[in-house]
file data_22.cif (mmCIF, C-alpha atoms)
data_structure
loop_
_atom_site.group_PDB
_atom_site.id
_atom_site.type_symbol
_atom_site.label_atom_id
_atom_site.label_comp_id
_atom_site.auth_asym_id
_atom_site.auth_seq_id
_atom_site.Cartn_x
_atom_site.Cartn_y
_atom_site.Cartn_z
ATOM 1 C CA MET A 126 168.434 42.926 96.813
ATOM 2 C CA ASN A 127 169.105 44.582 93.435
ATOM 3 C CA THR A 128 165.459 44.084 92.519
ATOM 4 C CA LEU A 129 164.341 45.720 95.763
ATOM 5 C CA LYS A 130 166.644 48.704 95.170
ATOM 6 C CA LYS A 131 165.348 49.140 91.639
ATOM 7 C CA PHE A 132 161.788 49.064 92.924
ATOM 8 C CA CYS A 133 162.574 51.739 95.544
ATOM 9 C CA TYR A 134 164.262 53.967 92.941
ATOM 10 C CA LEU A 135 161.292 53.563 90.603
ATOM 11 C CA PHE A 136 158.780 54.362 93.357
ATOM 12 C CA THR A 137 160.735 57.503 94.357
ATOM 13 C CA ALA A 138 160.934 58.687 90.751
ATOM 14 C CA VAL A 139 157.203 58.239 90.227
ATOM 15 C CA TRP A 140 156.405 60.050 93.474
ATOM 16 C CA MET A 141 158.635 63.018 92.578
ATOM 17 C CA LEU A 142 157.127 63.229 89.087
ATOM 18 C CA SER A 143 153.607 63.247 90.555
ATOM 19 C CA ALA A 144 154.538 66.020 92.965
ATOM 20 C CA PHE A 145 156.077 68.028 90.117
ATOM 21 C CA VAL A 146 152.998 67.618 87.931
ATOM 22 C CA SER A 147 150.723 68.589 90.835
ATOM 23 C CA CYS A 148 152.715 71.744 91.466
ATOM 24 C CA SER A 149 152.672 72.558 87.779
ATOM 25 C CA ASP A 150 148.894 72.093 87.691
ATOM 26 C CA ASN A 151 148.485 74.452 90.671
ATOM 27 C CA ASP A 152 150.642 77.040 88.942
ATOM 28 C CA ASP A 153 148.286 76.947 85.977
ATOM 29 C CA ILE A 154 145.233 77.890 88.099
ATOM 30 C CA VAL A 155 144.117 81.435 87.236
ATOM 31 C CA GLN A 156 141.919 83.230 89.744
ATOM 32 C CA GLU A 157 138.906 84.785 88.059
ATOM 33 C CA LYS A 158 138.906 88.593 88.120
ATOM 34 C CA PRO A 159 135.802 90.126 89.734
ATOM 35 C CA THR A 160 133.422 91.934 87.409
ATOM 36 C CA PRO A 161 132.856 95.697 87.784
ATOM 37 C CA SER A 162 129.454 94.957 89.351
ATOM 38 C CA GLN A 163 131.058 92.642 91.893
ATOM 39 C CA VAL A 164 133.628 95.291 92.780
ATOM 40 C CA LEU A 165 130.960 97.967 93.320
ATOM 41 C CA SER A 166 128.850 95.671 95.505
ATOM 42 C CA SER A 167 131.819 94.383 97.517
ATOM 43 C CA THR A 168 131.834 97.203 100.084
ATOM 44 C CA PRO A 169 129.952 100.244 101.346
ATOM 45 C CA TRP A 170 131.194 103.572 99.933
ATOM 46 C CA GLU A 171 131.542 106.978 101.552
ATOM 47 C CA THR A 172 131.775 110.218 99.582
ATOM 48 C CA THR A 173 135.074 111.753 100.664
ATOM 49 C CA GLU A 174 135.880 114.318 97.948
ATOM 50 C CA ALA A 175 134.513 116.201 94.973
ATOM 51 C CA LYS A 176 136.272 118.108 92.211
ATOM 52 C CA ASP A 177 135.093 120.476 89.506
ATOM 53 C CA LYS A 178 135.972 120.335 85.793
ATOM 54 C CA ASN A 179 139.273 122.100 86.506
ATOM 55 C CA GLY A 180 140.277 119.559 89.127
ATOM 56 C CA ASN A 181 139.699 121.986 91.987
ATOM 57 C CA ALA A 182 138.330 120.639 95.274
ATOM 58 C CA VAL A 183 134.649 121.350 95.950
ATOM 59 C CA ALA A 184 133.290 121.299 99.507
ATOM 60 C CA LEU A 185 130.878 118.418 100.024
ATOM 61 C CA THR A 186 128.380 120.909 101.422
ATOM 62 C CA ASP A 187 128.438 122.949 98.191
ATOM 63 C CA ALA A 188 125.008 122.982 96.530
ATOM 64 C CA SER A 189 126.568 121.767 93.270
ATOM 65 C CA VAL A 190 127.520 118.393 94.766
ATOM 66 C CA ALA A 191 125.712 118.073 98.119
ATOM 67 C CA SER A 192 122.934 115.884 96.704
ATOM 68 C CA PHE A 193 125.503 113.274 95.604
ATOM 69 C CA VAL A 194 127.198 112.980 98.994
ATOM 70 C CA GLY A 195 126.666 110.175 101.493
ATOM 71 C CA PHE A 196 127.043 106.495 102.261
ATOM 72 C CA ALA A 197 126.141 104.212 99.349
ATOM 73 C CA TYR A 198 125.262 100.525 99.455
ATOM 74 C CA PHE A 199 125.104 98.748 96.096
ATOM 75 C CA LYS A 200 123.762 95.299 96.869
ATOM 76 C CA ALA A 201 124.420 92.120 94.913
ATOM 77 C CA ASP A 202 120.694 91.673 94.273
ATOM 78 C CA GLY A 203 120.628 94.826 92.139
ATOM 79 C CA ASN A 204 119.119 97.144 94.759
ATOM 80 C CA PHE A 205 120.816 100.195 96.235
ATOM 81 C CA THR A 206 120.358 102.537 99.169
ATOM 82 C CA ILE A 207 122.044 105.877 99.732
ATOM 83 C CA TYR A 208 122.055 107.723 103.062
ATOM 84 C CA ASN A 209 123.403 111.176 103.809
ATOM 85 C CA LEU A 210 126.396 111.513 106.119
ATOM 86 C CA SER A 211 123.977 111.811 109.062
ATOM 87 C CA ASP A 212 122.510 108.369 108.229
ATOM 88 C CA ALA A 213 119.169 109.675 106.943
ATOM 89 C CA LEU A 214 117.837 107.681 103.979
ATOM 90 C CA ARG A 215 118.167 109.735 100.789
ATOM 91 C CA SER A 216 117.287 107.363 97.942
ATOM 92 C CA ARG A 217 116.649 103.720 97.128
ATOM 93 C CA GLY A 218 116.049 101.724 93.980
ATOM 94 C CA THR A 219 117.899 99.582 91.452
ATOM 95 C CA TRP A 220 121.385 99.829 89.967
ATOM 96 C CA SER A 221 123.607 98.326 87.298
ATOM 97 C CA VAL A 222 127.101 98.702 85.836
ATOM 98 C CA ASP A 223 127.868 97.972 82.196
ATOM 99 C CA ALA A 224 130.075 94.934 81.492
ATOM 100 C CA GLU A 225 133.141 97.070 80.788
ATOM 101 C CA GLY A 226 132.754 99.106 83.975
ATOM 102 C CA LYS A 227 132.433 102.411 82.145
ATOM 103 C CA THR A 228 129.004 103.572 83.316
ATOM 104 C CA ARG A 229 126.790 103.126 86.361
ATOM 105 C CA THR A 230 123.021 103.492 86.216
ATOM 106 C CA ILE A 231 120.666 104.008 89.156
ATOM 107 C CA THR A 232 116.885 104.224 89.101
ATOM 108 C CA ALA A 233 115.401 105.765 92.236
ATOM 109 C CA LEU A 234 112.013 104.361 93.220
ATOM 110 C CA ASN A 235 108.955 105.550 95.087
ATOM 111 C CA PRO A 236 107.399 103.277 97.739
ATOM 112 C CA ASP A 237 104.861 102.073 95.146
ATOM 113 C CA GLY A 238 107.642 101.030 92.758
ATOM 114 C CA THR A 239 107.236 103.868 90.285
ATOM 115 C CA SER A 240 110.387 105.578 89.042
ATOM 116 C CA ILE A 241 111.462 108.964 90.399
ATOM 117 C CA PHE A 242 114.479 109.337 88.113
ATOM 118 C CA SER A 243 117.201 107.379 86.321
ATOM 119 C CA ARG A 244 120.775 108.614 86.316
ATOM 120 C CA VAL A 245 123.692 107.377 84.210
ATOM 121 C CA VAL A 246 127.204 108.505 85.148
ATOM 122 C CA ASP A 247 130.660 107.846 83.718
ATOM 123 C CA ILE A 248 132.905 105.728 85.937
ATOM 124 C CA LEU A 249 136.434 107.141 86.201
ATOM 125 C CA VAL A 250 137.841 104.837 88.887
ATOM 126 C CA LEU A 251 136.465 101.556 90.215
ATOM 127 C CA ASN A 252 138.596 99.260 92.330
ATOM 128 C CA GLY A 253 138.472 97.721 95.781
ATOM 129 C CA ASN A 254 139.267 101.020 97.492
ATOM 130 C CA GLU A 255 137.910 103.812 95.307
ATOM 131 C CA PHE A 256 134.811 104.525 93.252
ATOM 132 C CA THR A 257 134.778 107.808 91.368
ATOM 133 C CA TYR A 258 132.170 108.897 88.857
ATOM 134 C CA ARG A 259 131.595 112.016 86.779
ATOM 135 C CA ILE A 260 128.241 113.763 86.952
ATOM 136 C CA HIS A 261 127.123 116.300 84.349
ATOM 137 C CA THR A 262 124.786 118.615 86.238
ATOM 138 C CA ASN A 263 123.726 120.822 83.325
ATOM 139 C CA PRO A 264 122.097 118.862 80.474
ATOM 140 C CA ASN A 265 122.468 121.912 78.215
ATOM 141 C CA ASP A 266 126.183 122.324 78.863
ATOM 142 C CA PRO A 267 128.226 119.078 78.986
ATOM 143 C CA SER A 268 131.367 121.052 79.793
ATOM 144 C CA VAL A 269 130.059 121.504 83.335
ATOM 145 C CA TYR A 270 130.712 118.425 85.458
ATOM 146 C CA TYR A 271 131.897 117.247 88.857
ATOM 147 C CA ASP A 272 133.883 114.189 89.857
ATOM 148 C CA ILE A 273 132.415 112.544 92.960
ATOM 149 C CA ILE A 274 134.993 110.477 94.829
ATOM 150 C CA HIS A 275 133.993 107.624 97.131
ATOM 151 C CA THR A 276 136.238 105.598 99.402
ATOM 152 C CA LYS A 277 135.739 102.102 100.773
ATOM 153 C CA THR A 278 134.287 102.281 104.288
ATOM 154 C CA ALA A 279 133.285 99.932 107.093
ATOM 155 C CA HIS A 280 130.244 102.083 107.913
ATOM 156 C CA SER A 281 127.258 99.794 108.514
ATOM 157 C CA GLU A 282 123.939 100.508 106.841
ATOM 158 C CA PRO A 283 121.482 102.002 109.361
ATOM 159 C CA ALA A 284 119.132 99.344 110.717
ATOM 160 C CA ASN A 285 116.517 101.564 112.354
ATOM 161 C CA GLY A 286 113.729 100.765 109.892
ATOM 162 C CA GLN A 287 113.975 103.699 107.483
ATOM 163 C CA LEU A 288 114.440 101.459 104.459
ATOM 164 C CA ILE A 289 111.574 99.162 105.466
ATOM 165 C CA LEU A 290 109.174 102.079 105.900
ATOM 166 C CA ALA A 291 110.176 103.588 102.541
ATOM 167 C CA SER A 292 110.075 100.346 100.561
ATOM 168 C CA THR A 293 106.311 99.930 100.229
ATOM 169 C CA PRO A 294 102.992 101.755 100.541
ATOM 170 C CA TRP A 295 101.049 101.059 103.753
ATOM 171 C CA GLU A 296 97.301 100.705 104.253
ATOM 172 C CA THR A 297 95.617 101.129 107.632
ATOM 173 C CA THR A 298 93.892 97.807 108.205
ATOM 174 C CA GLY A 299 93.150 97.798 111.922
ATOM 175 C CA ALA A 300 93.101 99.743 115.164
ATOM 176 C CA LYS A 301 92.971 98.708 118.817
ATOM 177 C CA ASP A 302 92.323 100.561 122.052
ATOM 178 C CA LYS A 303 94.381 100.386 125.254
ATOM 179 C CA ASN A 304 92.634 97.118 126.181
ATOM 180 C CA GLY A 305 93.511 95.493 122.878
ATOM 181 C CA SER A 306 89.928 95.621 121.659
ATOM 182 C CA PRO A 307 89.318 96.359 117.948
ATOM 183 C CA VAL A 308 88.204 99.869 117.055
ATOM 184 C CA ALA A 309 86.326 100.535 113.810
ATOM 185 C CA LEU A 310 88.413 102.581 111.385
ATOM 186 C CA THR A 311 85.454 104.952 111.054
ATOM 187 C CA ASP A 312 85.472 105.659 114.797
ATOM 188 C CA ALA A 313 86.237 109.320 115.492
ATOM 189 C CA SER A 314 89.025 108.289 117.874
ATOM 190 C CA VAL A 315 91.130 106.783 115.057
ATOM 191 C CA ALA A 316 89.588 107.962 111.758
ATOM 192 C CA GLY A 317 92.127 110.779 111.446
ATOM 193 C CA PHE A 318 94.964 108.246 111.242
ATOM 194 C CA VAL A 319 93.460 105.962 108.602
ATOM 195 C CA GLY A 320 94.528 105.809 104.966
ATOM 196 C CA TYR A 321 97.285 104.964 102.497
ATOM 197 C CA SER A 322 100.757 106.122 103.523
ATOM 198 C CA TYR A 323 103.810 106.704 101.334
ATOM 199 C CA PHE A 324 107.052 107.365 103.197
ATOM 200 C CA LYS A 325 109.557 108.295 100.521
ATOM 201 C CA ALA A 326 113.300 107.759 100.666
ATOM 202 C CA ASN A 327 113.982 111.474 100.278
ATOM 203 C CA GLY A 328 112.412 112.161 103.680
ATOM 204 C CA THR A 329 109.012 113.313 102.436
ATOM 205 C CA PHE A 330 105.645 111.620 102.960
ATOM 206 C CA ALA A 331 102.114 111.712 101.619
ATOM 207 C CA ILE A 332 99.042 110.219 103.297
ATOM 208 C CA TYR A 333 95.723 109.759 101.497
ATOM 209 C CA GLY A 334 92.356 108.724 102.867
ATOM 210 C CA LEU A 335 90.990 105.356 101.786
ATOM 211 C CA ASN A 336 89.074 107.367 99.185
ATOM 212 C CA ASN A 337 92.418 108.451 97.640
ATOM 213 C CA VAL A 338 92.034 112.076 98.717
ATOM 214 C CA LEU A 339 95.248 113.676 100.009
ATOM 215 C CA ARG A 340 95.060 114.085 103.759
ATOM 216 C CA SER A 341 98.534 115.327 104.699
ATOM 217 C CA GLN A 342 102.052 115.677 103.365
ATOM 218 C CA GLY A 343 105.403 116.834 104.686
ATOM 219 C CA THR A 344 108.576 115.315 106.111
ATOM 220 C CA TRP A 345 109.270 112.186 108.136
ATOM 221 C CA SER A 346 112.059 110.529 110.093
ATOM 222 C CA ILE A 347 112.733 107.597 112.391
ATOM 223 C CA SER A 348 114.811 107.941 115.552
ATOM 224 C CA PRO A 349 118.286 106.331 115.472
ATOM 225 C CA ASP A 350 117.104 103.561 117.811
ATOM 226 C CA GLY A 351 114.094 102.812 115.570
ATOM 227 C CA LYS A 352 111.599 103.352 118.377
ATOM 228 C CA LYS A 353 109.852 106.536 117.268
ATOM 229 C CA ARG A 354 108.531 107.947 114.000
ATOM 230 C CA THR A 355 108.127 111.667 113.510
ATOM 231 C CA ILE A 356 106.076 113.409 110.826
ATOM 232 C CA THR A 357 105.850 117.130 110.222
ATOM 233 C CA ALA A 358 102.848 118.048 108.091
ATOM 234 C CA LEU A 359 103.297 121.036 105.776
ATOM 235 C CA ASP A 360 100.836 123.137 103.825
ATOM 236 C CA ALA A 361 101.249 123.991 100.134
ATOM 237 C CA ASN A 362 103.585 126.875 101.042
ATOM 238 C CA GLY A 363 105.805 124.785 103.287
ATOM 239 C CA ASN A 364 104.385 126.101 106.548
ATOM 240 C CA VAL A 365 104.209 123.651 109.458
ATOM 241 C CA LEU A 366 100.697 122.459 110.267
ATOM 242 C CA PHE A 367 101.658 120.013 113.026
ATOM 243 C CA THR A 368 104.378 117.669 114.214
ATOM 244 C CA ARG A 369 103.489 114.226 115.497
ATOM 245 C CA VAL A 370 105.800 111.738 117.252
ATOM 246 C CA VAL A 371 104.550 108.176 117.789
ATOM 247 C CA ASP A 372 105.977 105.007 119.316
ATOM 248 C CA ILE A 373 106.732 102.249 116.792
ATOM 249 C CA LEU A 374 105.430 98.889 118.028
ATOM 250 C CA THR A 375 106.016 96.783 114.898
ATOM 251 C CA LEU A 376 107.962 97.539 111.739
ATOM 252 C CA ASN A 377 108.813 94.736 109.371
ATOM 253 C CA SER A 378 108.342 93.947 105.687
ATOM 254 C CA SER A 379 104.600 93.281 106.085
ATOM 255 C CA GLU A 380 103.395 95.323 109.072
ATOM 256 C CA PHE A 381 103.843 98.810 110.488
ATOM 257 C CA THR A 382 102.051 99.523 113.760
ATOM 258 C CA TYR A 383 102.421 102.634 115.901
ATOM 259 C CA ARG A 384 100.826 103.853 119.119
ATOM 260 C CA ILE A 385 99.126 107.225 119.204
ATOM 261 C CA ILE A 386 98.349 109.047 122.445
ATOM 262 C CA PRO A 387 95.680 111.657 121.564
ATOM 263 C CA ASP A 388 96.103 113.641 124.797
ATOM 264 C CA ALA A 389 99.631 113.918 126.205
ATOM 265 C CA VAL A 390 98.135 114.887 129.570
ATOM 266 C CA ASN A 391 96.404 111.502 129.737
ATOM 267 C CA PRO A 392 98.923 108.900 128.434
ATOM 268 C CA SER A 393 96.829 106.009 129.738
ATOM 269 C CA VAL A 394 94.485 106.492 126.767
ATOM 270 C CA TYR A 395 96.017 105.377 123.500
ATOM 271 C CA TYR A 396 95.291 103.573 120.251
ATOM 272 C CA ASP A 397 97.439 101.213 118.201
ATOM 273 C CA ILE A 398 97.148 101.940 114.469
ATOM 274 C CA ILE A 399 97.933 98.889 112.342
ATOM 275 C CA HIS A 400 99.161 99.186 108.759
ATOM 276 C CA THR A 401 99.743 96.404 106.251
ATOM 277 C CA LYS A 402 101.965 96.354 103.189
ATOM 278 C CA VAL A 403 99.888 97.042 100.080
ATOM 279 C CA ALA A 404 100.431 97.323 96.320
ATOM 280 C CA HIS A 405 98.223 100.415 96.064
ATOM 281 C CA GLN A 406 99.774 103.013 93.718
ATOM 282 C CA GLU A 407 99.969 106.583 94.948
ATOM 283 C CA PRO A 408 97.138 108.669 93.434
#

call {"tool": "encode", "arguments": {"input": "data_22.cif", "output": "structure tokens"}}
result
Amino acid sequence: MNTLKKFCYLFTAVWMLSAFVSCSDNDDIVQEKPTPSQVLSSTPWETTEAKDKNGNAVALTDASVASFVGFAYFKADGNFTIYNLSDALRSRGTWSVDAEGKTRTITALNPDGTSIFSRVVDILVLNGNEFTYRIHTNPNDPSVYYDIIHTKTAHSEPANGQLILASTPWETTGAKDKNGSPVALTDASVAGFVGYSYFKANGTFAIYGLNNVLRSQGTWSISPDGKKRTITALDANGNVLFTRVVDILTLNSSEFTYRIIPDAVNPSVYYDIIHTKVAHQEP
């Protein structure tokens, strides 16, 4: 009996020691702190305030800061998209944050991958709820700056195809009539819609013929439901030449197809203009 008691006491002591060691081991576990890049990419951001160099509030519609206002999405793959507060795509490209979290760099890109601009800003605040940077708007006078304040938001990135259309050049590679029969791209019925298209993230577009001669330029947009694309062609002085609204049939990473109805009075006659993703650089 004494032997059995001793065995039970020994077993209990060993069990308690194991439990104590296990708890001690758990206490020693240190959760790894997220990097500044991980913090920035952890949530969408909405511009909610701006301040001047004196700390005074600046209206977000003020021309000094308006171009920095919107919803920003810094993705873990190193790409970013920024939309204005009306959900229109404003810029896209690549981003990075230095290891110490002191500066953020963005490089805005054209559809053909060429750089529009690179911008480096000082990070003042970066945590799970706030991202504030300082922008110097006058390269000749560093004393002029604005602090752009962003707040964590649950606002979803628009999914109506704007980013897809702006992410690559498009080449017209086919056309079909209302019966689904192929139409030669040189046919007068469709020739005016054929070329290389560049829909830029700032809401402007340029379309060139397959001979690289500029055919039209102006502004573009996609309806909130992603079903229609609108272009407004402008002349060199900004005067409107025409506005064209077409139905989007296909818009994905490799194909963009829309339907054009040449005569609104006769909607039964239409052509489907097929574009394919291409690596062609804008002339």

call {"tool": "resolve_selection", "arguments": {"input": "data_22.cif", "expression": "the PyMOL selection byres ((chain A and resi 382) around 9)", "output": "PyMOL selection string"}}
result
chain A and resi 372-376+380-381+383-384+397-401

call {"tool": "axis_aligned_box", "arguments": {"input": "data_22.cif", "around": "range 387-393 of chain A", "padding_each_side": "3 Å", "output": "JSON"}}
result
{"center_x": 97.7, "center_y": 110.4, "center_z": 125.7, "size_x": 10.0, "size_y": 14.9, "size_z": 14.2}

call {"tool": "resolve_selection", "arguments": {"input": "data_22.cif", "expression": "the PyMOL selection byres ((chain A and resi 323-326) around 8)", "output": "PyMOL selection string"}}
result
chain A and resi 214-217+235-237+287-288+290-295+321-322+327-332+345+407

call {"tool": "resolve_selection", "arguments": {"input": "data_22.cif", "expression": "the PyMOL selection byres ((chain A and resi 338) around 12)", "output": "JSON, numbers by chain"}}
result
{"A": [319, 320, 321, 322, 331, 332, 333, 334, 335, 336, 337, 339, 340, 341, 342, 407, 408]}

call {"tool": "write_last_selection", "arguments": {"input": "data_22.cif", "atoms": "C-alpha atoms", "output": "short mmCIF file (atom, residue, chain, number, x, y, z; two decimals), keeping the file's coordinate frame"}}
result
data_model
loop_
_atom_site.label_atom_id
_atom_site.label_comp_id
_atom_site.auth_asym_id
_atom_site.auth_seq_id
_atom_site.Cartn_x
_atom_site.Cartn_y
_atom_site.Cartn_z
CA VAL A 319 93.46 105.96 108.60
CA GLY A 320 94.53 105.81 104.97
CA TYR A 321 97.28 104.96 102.50
CA SER A 322 100.76 106.12 103.52
CA ALA A 331 102.11 111.71 101.62
CA ILE A 332 99.04 110.22 103.30
CA TYR A 333 95.72 109.76 101.50
CA GLY A 334 92.36 108.72 102.87
CA LEU A 335 90.99 105.36 101.79
CA ASN A 336 89.07 107.37 99.18
CA ASN A 337 92.42 108.45 97.64
CA LEU A 339 95.25 113.68 100.01
CA ARG A 340 95.06 114.08 103.76
CA SER A 341 98.53 115.33 104.70
CA GLN A 342 102.05 115.68 103.36
CA GLU A 407 99.97 106.58 94.95
CA PRO A 408 97.14 108.67 93.43
#

call {"tool": "residues_around", "arguments": {"input": "data_22.cif", "residues": "Asn209 in chain A", "least_positions_apart": "2", "cutoff": "12 Å", "atoms": "only C-alpha atoms", "output": "list in words"}}
result
Trp170, Glu171, Thr172, Leu185, Thr186, Ala191, Ser192, Phe193, Val194, Gly195, Phe196, Ala197, Tyr198, Thr206, Ile207, Ser211, Asp212, Ala213, Leu214, Arg215, Ser216, Glu282, Pro283, Ala326, Asn327 and Gly328 of chain A

call {"tool": "write_last_selection", "arguments": {"input": "data_22.cif", "atoms": "C-alpha atoms", "output": "mmCIF file, keeping the file's coordinate frame"}}
result
data_model
loop_
_atom_site.group_PDB
_atom_site.id
_atom_site.type_symbol
_atom_site.label_atom_id
_atom_site.label_comp_id
_atom_site.auth_asym_id
_atom_site.auth_seq_id
_atom_site.Cartn_x
_atom_site.Cartn_y
_atom_site.Cartn_z
ATOM 1 C CA TRP A 170 131.194 103.572 99.933
ATOM 2 C CA GLU A 171 131.542 106.978 101.552
ATOM 3 C CA THR A 172 131.775 110.218 99.582
ATOM 4 C CA LEU A 185 130.878 118.418 100.024
ATOM 5 C CA THR A 186 128.380 120.909 101.422
ATOM 6 C CA ALA A 191 125.712 118.073 98.119
ATOM 7 C CA SER A 192 122.934 115.884 96.704
ATOM 8 C CA PHE A 193 125.503 113.274 95.604
ATOM 9 C CA VAL A 194 127.198 112.980 98.994
ATOM 10 C CA GLY A 195 126.666 110.175 101.493
ATOM 11 C CA PHE A 196 127.043 106.495 102.261
ATOM 12 C CA ALA A 197 126.141 104.212 99.349
ATOM 13 C CA TYR A 198 125.262 100.525 99.455
ATOM 14 C CA THR A 206 120.358 102.537 99.169
ATOM 15 C CA ILE A 207 122.044 105.877 99.732
ATOM 16 C CA SER A 211 123.977 111.811 109.062
ATOM 17 C CA ASP A 212 122.510 108.369 108.229
ATOM 18 C CA ALA A 213 119.169 109.675 106.943
ATOM 19 C CA LEU A 214 117.837 107.681 103.979
ATOM 20 C CA ARG A 215 118.167 109.735 100.789
ATOM 21 C CA SER A 216 117.287 107.363 97.942
ATOM 22 C CA GLU A 282 123.939 100.508 106.841
ATOM 23 C CA PRO A 283 121.482 102.002 109.361
ATOM 24 C CA ALA A 326 113.300 107.759 100.666
ATOM 25 C CA ASN A 327 113.982 111.474 100.278
ATOM 26 C CA GLY A 328 112.412 112.161 103.680
#

call {"tool": "closest_residue", "arguments": {"input": "data_22.cif", "among": "A:Thr257, A:Asn204, A:Ser393, A:Thr276", "to": "Asn304 in chain A", "atoms": "only C-alpha atoms"}}
result
A:Ser393

call {"tool": "atom_distance", "arguments": {"input": "data_22.cif", "atom1": "CA of Lys303 in chain A", "atom2": "CA of Ala316 in chain A"}}
result
16.2 Å

call {"tool": "atom_distance", "arguments": {"input": "data_22.cif", "atom1": "CA of Thr344 in chain A", "atom2": "CA of Gly317 in chain A"}}
result
17.9 Å

call {"tool": "residues_around", "arguments": {"input": "data_22.cif", "residues": "range 262-268 of chain A", "least_positions_apart": "5", "cutoff": "12 Å", "atoms": "all atoms listed in the file", "output": "ChimeraX atom specification"}}
result
/A:177-179,188-193,244-246,273

call {"tool": "decode", "arguments": {"input": "data_22.cif", "residues": "range 237-249 of chain A", "atoms": "N, CA, C and O atoms", "output": "compact mmCIF listing (two decimals), in the first residue's frame"}}
result
# COMPACT_ATOMS: atom_id res chain seq x y z
N ASP A 237 0.51 50.51 -70.55
CA ASP A 237 1.59 49.75 -71.17
C ASP A 237 2.76 49.49 -70.22
O ASP A 237 3.80 48.96 -70.62
N GLY A 238 2.60 49.86 -68.95
CA GLY A 238 3.62 49.58 -67.95
C GLY A 238 4.66 50.65 -67.78
O GLY A 238 5.51 50.56 -66.89
N THR A 239 4.61 51.70 -68.60
CA THR A 239 5.56 52.79 -68.44
C THR A 239 5.16 53.66 -67.25
O THR A 239 3.98 53.74 -66.88
N SER A 240 6.15 54.31 -66.66
CA SER A 240 5.91 55.10 -65.45
C SER A 240 5.34 56.48 -65.79
O SER A 240 5.79 57.14 -66.72
N ILE A 241 4.34 56.89 -65.01
CA ILE A 241 3.79 58.24 -65.13
C ILE A 241 4.54 59.16 -64.16
O ILE A 241 4.99 60.24 -64.52
N PHE A 242 4.67 58.71 -62.91
CA PHE A 242 5.42 59.46 -61.91
C PHE A 242 5.74 58.53 -60.75
O PHE A 242 5.11 57.49 -60.56
N SER A 243 6.75 58.92 -59.96
CA SER A 243 7.05 58.27 -58.69
C SER A 243 6.97 59.33 -57.61
O SER A 243 7.41 60.47 -57.82
N ARG A 244 6.40 58.96 -56.47
CA ARG A 244 6.22 59.92 -55.39
C ARG A 244 6.65 59.29 -54.06
O ARG A 244 6.19 58.19 -53.71
N VAL A 245 7.54 59.97 -53.36
CA VAL A 245 7.99 59.52 -52.04
C VAL A 245 7.47 60.50 -51.00
O VAL A 245 7.66 61.72 -51.15
N VAL A 246 6.80 60.00 -49.98
CA VAL A 246 6.27 60.86 -48.92
C VAL A 246 6.76 60.37 -47.56
O VAL A 246 7.06 59.19 -47.38
N ASP A 247 6.82 61.29 -46.61
CA ASP A 247 7.19 60.95 -45.24
C ASP A 247 5.97 60.42 -44.50
O ASP A 247 4.90 61.03 -44.53
N ILE A 248 6.13 59.29 -43.83
CA ILE A 248 5.05 58.72 -43.03
C ILE A 248 5.10 59.31 -41.62
O ILE A 248 6.13 59.23 -40.94
N LEU A 249 4.01 59.91 -41.18
CA LEU A 249 3.93 60.48 -39.84
C LEU A 249 3.28 59.51 -38.85
O LEU A 249 3.71 59.40 -37.71
